[in-house]
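Student: One file is attached below, entry05.cif, containing mmCIF, C-alpha atoms and all ligand atoms.
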data_protein
#
loop_
_atom_site.label_atom_id
_atom_site.label_comp_id
_atom_site.auth_asym_id
_atom_site.auth_seq_id
_atom_site.Cartn_x
_atom_site.Cartn_y
_atom_site.Cartn_z
CA LYS H 200 98.67 89.90 120.15
CA LYS H 201 96.83 92.24 117.81
CA ILE H 202 97.20 95.99 117.80
CA ALA H 203 95.25 98.71 116.03
CA VAL H 204 97.05 101.86 114.89
CA PHE H 205 95.05 105.11 114.79
CA ALA H 206 96.58 107.78 112.56
CA SER H 207 95.51 110.89 110.68
CA GLY H 208 98.53 111.63 108.52
CA ASN H 209 101.82 110.36 107.20
CA GLY H 210 102.07 107.20 109.27
CA SER H 211 105.84 107.09 109.80
CA ASN H 212 105.22 105.62 113.26
CA PHE H 213 102.87 103.05 111.75
CA GLN H 214 105.68 102.20 109.32
CA ALA H 215 108.27 101.92 112.11
CA ILE H 216 106.01 99.55 114.07
CA LEU H 217 105.37 97.46 110.95
CA ASP H 218 109.10 97.32 110.14
CA GLN H 219 109.89 96.01 113.64
CA ILE H 220 107.17 93.37 113.28
CA LYS H 221 108.61 92.29 109.93
CA ALA H 222 112.10 92.18 111.41
CA GLY H 223 110.84 89.88 114.16
CA THR H 224 111.81 92.30 116.93
CA LEU H 225 108.20 93.16 117.79
CA LEU H 226 105.99 90.12 118.32
CA ALA H 227 102.61 91.49 117.32
CA GLU H 228 100.30 91.91 114.39
CA ILE H 229 98.71 95.11 113.15
CA GLY H 230 95.11 93.95 112.82
CA LEU H 231 93.56 97.28 111.88
CA VAL H 232 94.36 100.86 110.94
CA VAL H 233 91.82 103.56 111.86
CA CYS H 234 92.05 106.88 110.03
CA ASP H 235 89.84 109.98 110.20
CA LYS H 236 91.36 111.64 107.09
CA PRO H 237 90.39 109.74 103.95
CA GLY H 238 93.35 111.00 101.84
CA ALA H 239 96.04 110.32 104.43
CA ALA H 240 99.28 108.59 103.38
CA VAL H 241 98.92 106.05 106.20
CA ILE H 242 95.98 104.48 104.35
CA LYS H 243 98.11 103.65 101.29
CA ARG H 244 100.87 102.31 103.51
CA ALA H 245 98.40 99.94 105.20
CA GLU H 246 96.69 98.87 101.99
CA ASN H 247 100.07 98.04 100.44
CA GLU H 248 100.51 95.53 103.28
CA ASN H 249 96.95 94.18 103.07
CA ILE H 250 96.19 95.49 106.55
CA PRO H 251 92.46 96.23 107.07
CA VAL H 252 91.70 99.96 107.22
CA PHE H 253 88.64 101.66 108.65
CA HIS H 254 88.59 105.22 107.37
CA PHE H 255 85.80 107.63 107.98
CA LEU H 256 84.90 111.31 107.83
CA PRO H 257 83.84 112.61 111.24
CA LYS H 258 81.52 115.13 109.59
CA ASP H 259 79.45 112.28 108.16
CA TYR H 260 78.35 111.48 111.73
CA ASP H 261 76.11 113.37 114.15
CA SER H 262 78.45 112.87 117.11
CA LYS H 263 81.70 111.42 118.39
CA GLU H 264 79.68 108.70 120.14
CA GLN H 265 78.42 107.56 116.75
CA PHE H 266 81.74 107.22 114.96
CA GLU H 267 83.46 105.81 118.04
CA ALA H 268 80.75 103.15 118.30
CA GLU H 269 81.60 102.17 114.75
CA ILE H 270 85.34 102.17 115.51
CA LEU H 271 84.65 99.98 118.54
CA ALA H 272 82.76 97.48 116.40
CA HIS H 273 85.80 97.23 114.09
CA LEU H 274 88.17 96.82 117.06
CA ARG H 275 86.02 93.97 118.38
CA LYS H 276 85.61 92.36 114.98
CA HIS H 277 89.39 92.21 114.62
CA SER H 278 89.95 91.13 118.28
CA ILE H 279 92.27 94.06 118.99
CA ASP H 280 94.23 93.80 122.26
CA LEU H 281 95.95 97.20 122.26
CA VAL H 282 95.12 100.53 120.60
CA VAL H 283 98.16 102.54 119.53
CA LEU H 284 97.57 106.21 118.69
CA ALA H 285 100.19 107.52 116.26
CA GLY H 286 99.36 111.00 115.07
CA TYR H 287 95.59 110.60 115.51
CA MET H 288 94.66 114.27 115.76
CA ARG H 289 91.52 113.90 117.82
CA LEU H 290 90.59 113.51 121.49
CA ILE H 291 89.29 110.06 122.42
CA GLY H 292 85.74 110.06 123.78
CA SER H 293 84.00 108.07 126.49
CA THR H 294 82.81 105.32 124.15
CA LEU H 295 86.36 104.17 123.35
CA LEU H 296 87.79 105.06 126.77
CA GLU H 297 85.27 102.90 128.59
CA ALA H 298 86.01 99.95 126.33
CA TYR H 299 89.79 100.33 125.80
CA GLY H 300 90.96 102.91 128.37
CA LYS H 301 93.72 100.84 129.93
CA LYS H 302 94.66 99.34 126.59
CA MET H 303 95.18 102.55 124.69
CA ILE H 304 98.50 104.43 124.37
CA ASN H 305 99.70 107.57 122.60
CA ILE H 306 103.05 109.00 121.50
CA HIS H 307 103.74 112.71 121.78
CA PRO H 308 106.77 114.65 120.50
CA SER H 309 107.77 116.42 123.73
CA LEU H 310 108.70 115.62 127.31
CA LEU H 311 105.21 115.84 128.78
CA PRO H 312 103.79 117.61 130.71
CA ALA H 313 105.71 120.25 128.71
CA PHE H 314 104.26 121.28 125.35
CA PRO H 315 101.03 119.28 125.01
CA GLY H 316 98.80 119.75 121.97
CA LYS H 317 99.64 120.76 118.45
CA ASP H 318 103.13 121.52 117.10
CA ALA H 319 104.95 120.39 120.23
CA ILE H 320 108.31 120.64 118.45
CA GLY H 321 107.62 124.24 117.37
CA GLN H 322 106.52 125.05 120.92
CA ALA H 323 109.79 123.66 122.31
CA ILE H 324 111.89 125.65 119.84
CA ASP H 325 109.96 128.85 120.53
CA ALA H 326 110.44 128.34 124.27
CA GLY H 327 114.18 128.06 123.74
CA VAL H 328 114.57 124.78 125.63
CA LYS H 329 117.80 122.87 125.08
CA VAL H 330 116.26 119.47 125.72
CA THR H 331 112.99 118.12 124.41
CA GLY H 332 111.99 114.57 123.61
CA VAL H 333 109.32 111.95 123.20
CA THR H 334 106.69 110.61 125.59
CA VAL H 335 104.57 107.47 125.43
CA HIS H 336 101.58 107.57 127.76
CA TYR H 337 98.23 105.95 128.47
CA VAL H 338 95.28 107.78 126.99
CA ASP H 339 92.69 109.55 129.10
CA GLU H 340 90.04 112.16 128.29
CA GLY H 341 92.55 115.05 128.27
CA MET H 342 94.92 116.31 125.61
CA ASP H 343 98.22 114.43 126.09
CA THR H 344 97.56 114.02 129.82
CA GLY H 345 97.40 110.30 130.69
CA PRO H 346 99.88 108.44 132.93
CA ILE H 347 103.40 108.45 131.47
CA ILE H 348 104.90 105.10 130.46
CA ALA H 349 108.26 106.08 128.94
CA GLN H 350 110.24 109.14 127.89
CA LYS H 351 113.42 109.78 125.89
CA SER H 352 115.19 113.09 125.57
CA VAL H 353 116.48 114.83 122.44
CA GLU H 354 118.94 117.72 122.57
CA ILE H 355 118.39 121.01 120.79
CA THR H 356 121.68 122.70 119.88
CA ASP H 357 122.35 126.15 118.42
CA GLU H 358 122.98 124.52 115.04
CA ASP H 359 119.54 122.90 114.95
CA THR H 360 116.68 124.10 112.77
CA LYS H 361 113.07 123.06 113.15
CA GLU H 362 113.67 120.43 110.45
CA THR H 363 116.67 118.87 112.16
CA VAL H 364 114.86 118.76 115.52
CA GLU H 365 111.89 117.12 113.82
CA GLU H 366 114.18 114.52 112.28
CA LYS H 367 115.81 113.71 115.61
CA VAL H 368 112.48 113.55 117.45
CA HIS H 369 110.89 111.32 114.83
CA ARG H 370 113.90 109.01 114.73
CA MET H 371 113.57 108.68 118.51
CA GLU H 372 109.83 107.99 118.23
CA HIS H 373 110.44 105.22 115.73
CA VAL H 374 112.78 103.45 118.15
CA LEU H 375 110.84 104.10 121.37
CA TYR H 376 107.29 103.25 120.27
CA PRO H 377 107.89 99.65 119.09
CA THR H 378 109.97 98.98 122.23
CA VAL H 379 107.25 100.24 124.56
CA ILE H 380 104.54 98.35 122.64
CA GLN H 381 106.49 95.12 123.10
CA LYS H 382 106.86 95.76 126.84
CA ILE H 383 103.14 96.40 127.25
CA LEU H 384 102.18 93.31 125.28
CA ASN H 385 104.46 91.23 127.50
C1 LIG B 1 104.29 112.11 115.66
O1 LIG B 1 105.22 113.14 115.86
C2 LIG B 1 103.58 111.79 116.95
O2 LIG B 1 104.37 111.97 118.09
C3 LIG B 1 102.47 112.81 116.94
O3 LIG B 1 102.07 112.88 115.60
C4 LIG B 1 103.17 112.55 114.75
C5 LIG B 1 102.72 111.47 113.81
O4 LIG B 1 103.64 111.26 112.77
N1 LIG B 1 101.43 112.43 117.87
P1 LIG B 1 103.45 110.03 111.78
O5 LIG B 1 102.09 110.17 111.11
O6 LIG B 1 103.57 108.76 112.56
O7 LIG B 1 104.55 110.18 110.77
#
Before anything else, please render the file you have as structure tokens.
Ligand code: GRF
Tutor:
Amino acid sequence: KKIAVFASGNGSNFQAILDQIKAGTLLAEIGLVVCDKPGAAVIKRAENENIPVFHFLPKDYDSKEQFEAEILAHLRKHSIDLVVLAGYMRLIGSTLLEAYGKKMINIHPSLLPAFPGKDAIGQAIDAGVKVTGVTVHYVDEGMDTGPIIAQKSVEITDEDTKETVEEKVHRMEHVLYPTVIQKILN
């Protein structure tokens, strides 16, 4: 089965998925990386592995429909079975939802429906919660609102700083996402 990873930044989740594939614990292939930030580190990571990358600048297009139509053409060209959003900082529009809606998942660094949107870890710390976590969910037209597939909790103690919470949450993401992807592909 072939997956596409959409990312805008560092790509540590992309890397975790790739590492599980290489280790033989995730039976899949990353057929495409889609990135809307031409300088992003995820692009280098993919190119180092000879994984095809489609990167684009949204402002070069008149509308979301236009760049999503181009993304869709790349997904079809590479026969992508599942779209995996991993730090893709953009809402998905109707063009991609109509084509891939039930085959598109996202990971978010909180226990949704708490703390959707940007800086979910900062939101959790500011709220003073003692437990936060990670959610994998299907994608719909909302911001971090689709049906929940899996969640894992992460504790916040008095000793934690934003950095240590981020480390714990990301470590949890890197375990949970490949596991959930495998389950969905099965
Ligand atoms: C992750 O925390 C993910 O949950 C969120 O964006 C971040 C992406 O990190 N949606 P990375 O680019 O995979 O390192």
Student: Which residue is closest to ligand LIG 1 (chain B)? Choose from H:Ile270, H:Val374, H:Ala285, H:Val252 and count all atoms listed in the file.
Tutor: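 Ranking H:Ile270, H:Val374, H:Ala285, H:Val252 by distance to ligand LIG 1 (chain B), first place goes to H:Ala285.
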Student: Name each residue within 6 Å of ligand LIG 1 (chain B), counting only C-alpha atoms and all ligand atoms, as a list in words.
Tutor: Gly208, Asn209, Gly210, Ser211, Asn212, Phe213, Ala285, Gly286, Ile306, His307 and Pro308 of chain H
Student: Name the closest residue to H:Glu366 among the candidates H:Pro251, H:Ala206, H:Val353, H:Ala227; distances are taken between atoms, counting only C-alpha atoms.
Tutor: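 Among the listed residues, the smallest separation from H:Glu366 belongs to H:Val353.
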Student: Please determine, counting only C-alpha atoms, which residue among H:Lys236, H:Lys243, H:Lys317, H:Lys276 has the shortest atom-to-atom distance to H:Phe255.
Tutor: H:Lys236
Student: Would you compute the distance between atom CA of H:Lys367 and atom CA of H:Glu354? Give it in Å to one decimal.
Tutor: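 Separating atom CA of H:Lys367 from atom CA of H:Glu354 is a distance of 8.6 Å.
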Student: For a test of reading the model, state the distance in Å between atom CA of H:Leu274 and atom CA of H:Gly230, rounded to one decimal.
Tutor: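 Rounded to one decimal, the two atoms are 8.6 Å apart.
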Student: Atom CA of H:Ala268 to atom CA of H:Leu225: how many Å, to one decimal?
Tutor: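 Computing the Euclidean distance for atom CA of H:Ala268 and atom CA of H:Leu225 yields 29.2 Å.
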Student: Could you tell me which of H:Gln265, H:Asn249, H:Thr360, H:Ser352 comes closest to H:Val330 if we count only C-alpha atoms?
Tutor: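 With only C-alpha atoms as the atom set, the closest residue is H:Ser352.
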Student: Would you pick out the contacts of H:Asp343 at 8 Å or less, using all atoms listed in the file, so that residues sharing its chain but fewer than 4 positions from it are not included, and give the list as an MDAnalysis selection string?
Tutor: chainID H and resid 305 307 311:312 315:316 336 338:339
Student: Could you write out the selected residues, including C-alpha atoms, as a PDB file, in the frame of the given file?
Tutor:
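Saved the output as again-v4.pdb:
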ATOM      1  CA  ASN H 305      99.700 107.570 122.600  1.00  0.00           C
ATOM      2  CA  HIS H 307     103.740 112.710 121.780  1.00  0.00           C
ATOM      3  CA  LEU H 311     105.210 115.840 128.780  1.00  0.00           C
ATOM      4  CA  PRO H 312     103.790 117.610 130.710  1.00  0.00           C
ATOM      5  CA  PRO H 315     101.030 119.280 125.010  1.00  0.00           C
ATOM      6  CA  GLY H 316      98.800 119.750 121.970  1.00  0.00           C
ATOM      7  CA  HIS H 336     101.580 107.570 127.760  1.00  0.00           C
ATOM      8  CA  VAL H 338      95.280 107.780 126.990  1.00  0.00           C
ATOM      9  CA  ASP H 339      92.690 109.550 129.100  1.00  0.00           C
TER      10      ASP H 339
END
Student: Between H:Val335, H:Met342, H:Leu231, H:Ile324, which is the closest to H:Asp280 once you count all atoms listed in the file?
Tutor: H:Leu231
